[in-house]
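Report on one structure; see the data block that follows.
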Amino acid sequence: MNCRFGKLFQIPRIIALAMLFVTIGCGKDGNRISGTISFNGQPVPAGKIYFTPDTSKGNSGAAGFADIIDGKYDTSLPGGRGASSGAMVVAIEGIDPNNKPAGAGEDVTGSVLFPRYETYAEIAGGDAVQDFVVPPEAADGPKQPAGGNYVSP
Amino acid sequence: MFSNPRARAVTGFTLVELLVVIAIIGVMVGLLLPAVQAAREAARRMSCQNQLKQIGLALHNHHDVFGRFPPGAEHLVFPRPASGTTTVLGTSWIVHTLPFFEQQSLYERYDFSVAHNHANNAVVGNTVVPTIYCPSGPAPSRYTDPNTGGVNGNPSTHYLGVMGPAGTTDNWPVVFAGQTYTFRVGDAATNGAWSFHGILSHFRHTAGSISTNRVVSFRDVIDGTSNTLMIGERSVFLPGNSNDYRSWIRGNNGGTSACKTVMNPINSTNYNGSTNFNHISFGSQHPGGCQFVLGDASVQFVSETIDMALYQMLSSMGEGAVASLSN
């Protein structure tokens with residue numbers, strides 16, 4: 001094309017500049033964490049995972065979370081938010097959405113695969129991939145010694 | 001008519017001029033429209049703040065009259081006026097607070113001798129009280145109580161009592177500023193989980209629970225009313241066809257509809273259909289967080305990235321720690 005603005009508008013340069021602005025502008029809040037979650041060898045069908053900074057190890061900051069869908073989670077998807085980095089308490093809730101227990105109240109539509117299971121993880125900065133295997137004994141729920149604090153199963 | 005080409009060039013606009021003008025206008029509108037939307041959101045947020053302030057003052061007025069805060073979520077209570085030892089499912093704090101924000105007539109129509117979901121209370125339950133809906137959130141008619149038992153289709157509320165910190169076990173530990181605090185959690189493993197440490201939490205007349213005849217007044221707010229969350233917002237749109245909004249007059253009925261615990265981050269959690277009904281998170285359509293009424297009836301915006309330990313400490317009224325929204 002015989003364009004007399006050829007010196008002023010060079011398409012590749014404009015595209016490069018636009019991409020630069022977009023990469024600078026789209027800063028993420030928190031680190032993206034993704035991975036798989038399984039229980040008894042099966043992917044966890046539904047639920048939620050939370051990454052809360054472990055204050056007992058001196059970490060603090062914003063908590064991250066993600067929906068669990070068919071054994072996978074990703075904090076960058078809708079229903080999720082990136083976490084800060086460092087030592088984290090990871091809480092996992094596993095739900096069977098289509099299996100209402102007999103005699104449950106009218107608010108209940110699904111059943112629990114295992115009570116909220118807590119474990120620990122170190123989350124590095126940037127995109128982190130972290131897979132979790134929920135042990136079978138998590139189905140028994142958190143252990144609570146008579147006089148003491150909560151202990152993860 | 002246009003025989004002279006020079007005259008035509010002077011009187012008309014060229015295509016380039018037209019395009020440049022359209023481009024400039026496009027850019028200006030593009031800059032202006034988000035500003036207008038932001039100004040609207042700011043106005044809605046102020047309106048929401050105003051309503052929360054009204055409700056905070058209403059709770060103070062309730063305290064002035066009765067010497068205590070209303071029960072956050074009644075579970076099994078004796079009917080009023082008393083009739084034997086039978087118990088009914090109780091009501092929410094909002095019903096008890098109605099006379100103090102100009103809803104005396106509605107309060108008088110409420111029948112305290114029967115359960116919240118009894119047909120006698122259908123008219124009150126179906127009434128939309130405009131003060132309890134955030135203008136940024138879904139309209140009151142968008143999510144109505146889907147439960148089929150008793151009263152059906154009641155509107156919900158966007159303003160929920162803060163029951164306090166909760167965990168999955170009783171004596172739940174929270175490490176804050178290097179110290180460990182433990183919190184009593186009732187019915188920790190069930191939908192009805194609740195905390196003993198919030199200004200508005202469970203109440204029952206029946207014996208056998210730490211919520212039996214639980215009364216909270218200003219003297220119990222040891223941490224200072226300016227450092228304790230009392231009411232929070234939940235005015236979010238839900239994904240798909242899910243609906244976990246429940247009637248605004250409901251106390252505790254398996255789960256609690258007008259109070260929630262502080263267990264999960266702001267804007268994080270909807271009902272999972274099973275265990276977390278009382279742990280549904282506070283949240284709003286206001287960008288970046290939601291608003292809370294503190295015990296002193298001031299309204300503060302709390303960021304969704306608040307440290308979880310601080311957030312849980314703020315929701316508790318009596319652990320003796322220096323937790324403040326400014327730290």
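Just so we're on the same page: first chain in the structure tokens is A, next is B, and so on; residues restart at 1 for each chain, and ligands are numbered from 1 in the order they show up.
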
Exercise answer, chain B residues close to chain A, 10 Å and only C-alpha atoms, as a compact mmCIF listing (two decimals) with N, CA and C atoms, in the first residue's frame:
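Listed below is the output, selection_35.txt:
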```txt
# COMPACT_ATOMS: atom_id res chain seq x y z
N PRO B 146 -35.60 -20.58 48.42
CA PRO B 146 -36.14 -21.69 47.62
C PRO B 146 -36.70 -22.82 48.46
N ASN B 147 -36.55 -22.75 49.78
CA ASN B 147 -37.02 -23.87 50.60
C ASN B 147 -38.53 -24.00 50.52
N THR B 148 -38.98 -25.24 50.49
CA THR B 148 -40.40 -25.46 50.29
C THR B 148 -41.17 -25.58 51.59
N GLY B 149 -40.46 -25.88 52.69
CA GLY B 149 -41.16 -26.05 53.96
C GLY B 149 -41.69 -24.73 54.48
N GLY B 167 -13.83 -22.48 62.87
CA GLY B 167 -12.95 -23.46 62.25
C GLY B 167 -13.67 -24.78 62.20
N THR B 168 -12.95 -25.84 61.84
CA THR B 168 -13.62 -27.12 61.70
C THR B 168 -13.70 -27.89 63.00
N THR B 169 -13.06 -27.40 64.07
CA THR B 169 -13.20 -28.06 65.36
C THR B 169 -13.49 -27.00 66.42
N ASP B 170 -13.98 -27.49 67.57
CA ASP B 170 -14.10 -26.60 68.72
C ASP B 170 -12.68 -26.25 69.20
N ASN B 171 -12.56 -25.18 69.95
CA ASN B 171 -11.25 -24.67 70.38
C ASN B 171 -10.32 -24.45 69.20
N TRP B 172 -10.83 -23.78 68.20
CA TRP B 172 -10.08 -23.55 66.97
C TRP B 172 -8.97 -22.53 67.22
N PRO B 173 -7.70 -22.89 66.87
CA PRO B 173 -6.61 -21.96 67.14
C PRO B 173 -6.38 -20.96 65.99
N VAL B 174 -6.13 -19.72 66.36
CA VAL B 174 -5.74 -18.71 65.37
C VAL B 174 -4.46 -18.06 65.90
N VAL B 175 -3.41 -18.06 65.06
CA VAL B 175 -2.16 -17.44 65.47
C VAL B 175 -2.15 -16.01 64.93
N PHE B 176 -2.11 -15.06 65.86
CA PHE B 176 -2.13 -13.66 65.45
C PHE B 176 -1.02 -12.93 66.20
N ALA B 177 -0.16 -12.23 65.46
CA ALA B 177 0.95 -11.47 66.03
C ALA B 177 1.76 -12.34 67.00
N GLY B 178 2.00 -13.60 66.60
CA GLY B 178 2.89 -14.45 67.38
C GLY B 178 2.22 -15.15 68.54
N GLN B 179 0.94 -14.87 68.79
CA GLN B 179 0.26 -15.52 69.91
C GLN B 179 -0.88 -16.38 69.40
N THR B 180 -1.14 -17.46 70.09
CA THR B 180 -2.23 -18.35 69.68
C THR B 180 -3.47 -18.08 70.54
N THR B 182 -7.53 -19.35 71.07
CA THR B 182 -8.43 -20.43 70.69
C THR B 182 -9.87 -19.95 70.81
N ALA B 189 -18.77 -29.41 63.00
CA ALA B 189 -18.72 -30.23 61.79
C ALA B 189 -19.99 -30.10 60.94
N THR B 190 -20.96 -29.35 61.36
CA THR B 190 -22.24 -29.36 60.64
C THR B 190 -22.52 -28.02 59.98
N ASN B 191 -23.62 -28.00 59.24
CA ASN B 191 -24.10 -26.78 58.60
C ASN B 191 -24.40 -25.68 59.59
N PRO B 239 -23.22 -17.76 40.67
CA PRO B 239 -23.03 -18.38 39.36
C PRO B 239 -24.18 -19.32 39.01
N ASP B 244 -28.25 -19.52 47.35
CA ASP B 244 -28.11 -19.84 48.76
C ASP B 244 -28.58 -18.68 49.64
N ARG B 246 -31.41 -17.04 51.87
CA ARG B 246 -32.55 -17.57 52.60
C ARG B 246 -33.32 -16.41 53.23
N ASN B 253 -32.03 -22.73 61.52
CA ASN B 253 -32.90 -23.84 61.15
C ASN B 253 -32.04 -24.83 60.39
N GLY B 254 -31.16 -25.53 61.10
CA GLY B 254 -30.12 -26.31 60.42
C GLY B 254 -28.93 -25.42 60.12
N GLY B 255 -29.14 -24.42 59.32
CA GLY B 255 -28.14 -23.38 59.08
C GLY B 255 -28.77 -22.03 59.39
N ASN B 264 -13.78 -17.95 55.93
CA ASN B 264 -13.24 -17.90 54.58
C ASN B 264 -13.05 -16.45 54.14
N PRO B 265 -12.11 -16.20 53.21
CA PRO B 265 -11.82 -14.82 52.79
C PRO B 265 -13.04 -14.12 52.18
N ILE B 266 -13.04 -12.79 52.23
CA ILE B 266 -14.13 -11.99 51.64
C ILE B 266 -14.25 -12.31 50.15
N ASN B 267 -15.46 -12.42 49.67
CA ASN B 267 -15.76 -12.68 48.26
C ASN B 267 -15.28 -14.05 47.79
N SER B 268 -15.15 -15.04 48.69
CA SER B 268 -14.60 -16.31 48.22
C SER B 268 -15.65 -17.40 48.09
N THR B 269 -16.59 -17.50 49.01
CA THR B 269 -17.28 -18.77 49.18
C THR B 269 -18.79 -18.65 49.02
N ASN B 270 -19.35 -19.50 48.15
CA ASN B 270 -20.79 -19.70 48.09
C ASN B 270 -21.10 -21.04 48.75
N TYR B 271 -22.38 -21.32 48.88
CA TYR B 271 -22.79 -22.58 49.51
C TYR B 271 -22.38 -23.75 48.63
N ASN B 272 -21.80 -24.79 49.25
CA ASN B 272 -21.39 -25.95 48.46
C ASN B 272 -22.44 -27.06 48.47
N GLY B 273 -23.61 -26.76 49.02
CA GLY B 273 -24.69 -27.75 49.01
C GLY B 273 -24.61 -28.74 50.14
N SER B 274 -23.57 -28.62 50.98
CA SER B 274 -23.41 -29.66 51.98
C SER B 274 -23.06 -29.15 53.36
N THR B 275 -21.84 -28.64 53.57
CA THR B 275 -21.38 -28.43 54.94
C THR B 275 -21.11 -26.99 55.31
N ASN B 276 -21.08 -26.07 54.36
CA ASN B 276 -20.52 -24.77 54.71
C ASN B 276 -21.56 -23.65 54.74
N PHE B 277 -22.81 -23.99 55.04
CA PHE B 277 -23.85 -22.96 54.94
C PHE B 277 -23.54 -21.76 55.83
N SER B 303 -10.99 -4.52 52.74
CA SER B 303 -10.46 -5.05 51.50
C SER B 303 -10.52 -6.57 51.49
N GLU B 304 -10.75 -7.15 50.31
CA GLU B 304 -10.82 -8.61 50.21
C GLU B 304 -9.45 -9.25 50.39
N THR B 305 -8.39 -8.46 50.38
CA THR B 305 -7.06 -9.04 50.58
C THR B 305 -6.59 -8.89 52.03
N ILE B 306 -7.51 -8.62 52.95
CA ILE B 306 -7.15 -8.50 54.36
C ILE B 306 -6.54 -9.82 54.86
N ASP B 307 -5.55 -9.71 55.72
CA ASP B 307 -4.93 -10.89 56.31
C ASP B 307 -5.99 -11.70 57.05
N MET B 308 -6.01 -13.01 56.81
CA MET B 308 -7.09 -13.84 57.37
C MET B 308 -7.08 -13.85 58.90
N ALA B 309 -5.88 -13.92 59.50
CA ALA B 309 -5.81 -13.97 60.97
C ALA B 309 -6.36 -12.67 61.55
N LEU B 310 -6.01 -11.53 60.93
CA LEU B 310 -6.52 -10.24 61.39
C LEU B 310 -8.04 -10.18 61.24
```

message: For range 70-83 of chain B, find every residue with an atom within 6 Å (counting only C-alpha atoms), except residues of its own chain fewer than 2 positions away, and show them as a ChimeraX atom specification.
response: /B:87-93,112-113,200-205,251-252

Go ahead and save the picked residues with C-alpha atoms, as an mmCIF file, in the first residue's frame.
```cif
data_model
loop_
_atom_site.group_PDB
_atom_site.id
_atom_site.type_symbol
_atom_site.label_atom_id
_atom_site.label_comp_id
_atom_site.auth_asym_id
_atom_site.auth_seq_id
_atom_site.Cartn_x
_atom_site.Cartn_y
_atom_site.Cartn_z
ATOM 1 C CA THR B 87 -40.062 -24.654 71.655
ATOM 2 C CA VAL B 88 -40.196 -23.026 68.250
ATOM 3 C CA LEU B 89 -37.586 -22.199 65.638
ATOM 4 C CA GLY B 90 -36.523 -18.664 66.375
ATOM 5 C CA THR B 91 -36.064 -15.538 64.368
ATOM 6 C CA SER B 92 -33.224 -13.447 63.058
ATOM 7 C CA TRP B 93 -31.733 -10.319 64.647
ATOM 8 C CA PHE B 112 -43.243 -14.734 68.175
ATOM 9 C CA SER B 113 -45.357 -17.618 69.456
ATOM 10 C CA LEU B 200 -24.522 -11.415 66.808
ATOM 11 C CA SER B 201 -24.479 -15.196 67.067
ATOM 12 C CA HIS B 202 -26.551 -18.146 68.162
ATOM 13 C CA PHE B 203 -29.077 -18.100 70.955
ATOM 14 C CA ARG B 204 -31.371 -20.729 72.364
ATOM 15 C CA HIS B 205 -33.485 -21.291 75.443
ATOM 16 C CA GLY B 251 -32.872 -17.588 62.730
ATOM 17 C CA ASN B 252 -31.184 -20.957 62.915
#
```

Please identify all polymer residues within 7 Å of Pro136 in chain A, counting only C-alpha atoms, omitting same-chain residues fewer than 3 positions from it, and present them as an NGL selection string.
:A and (39-40 or 139)
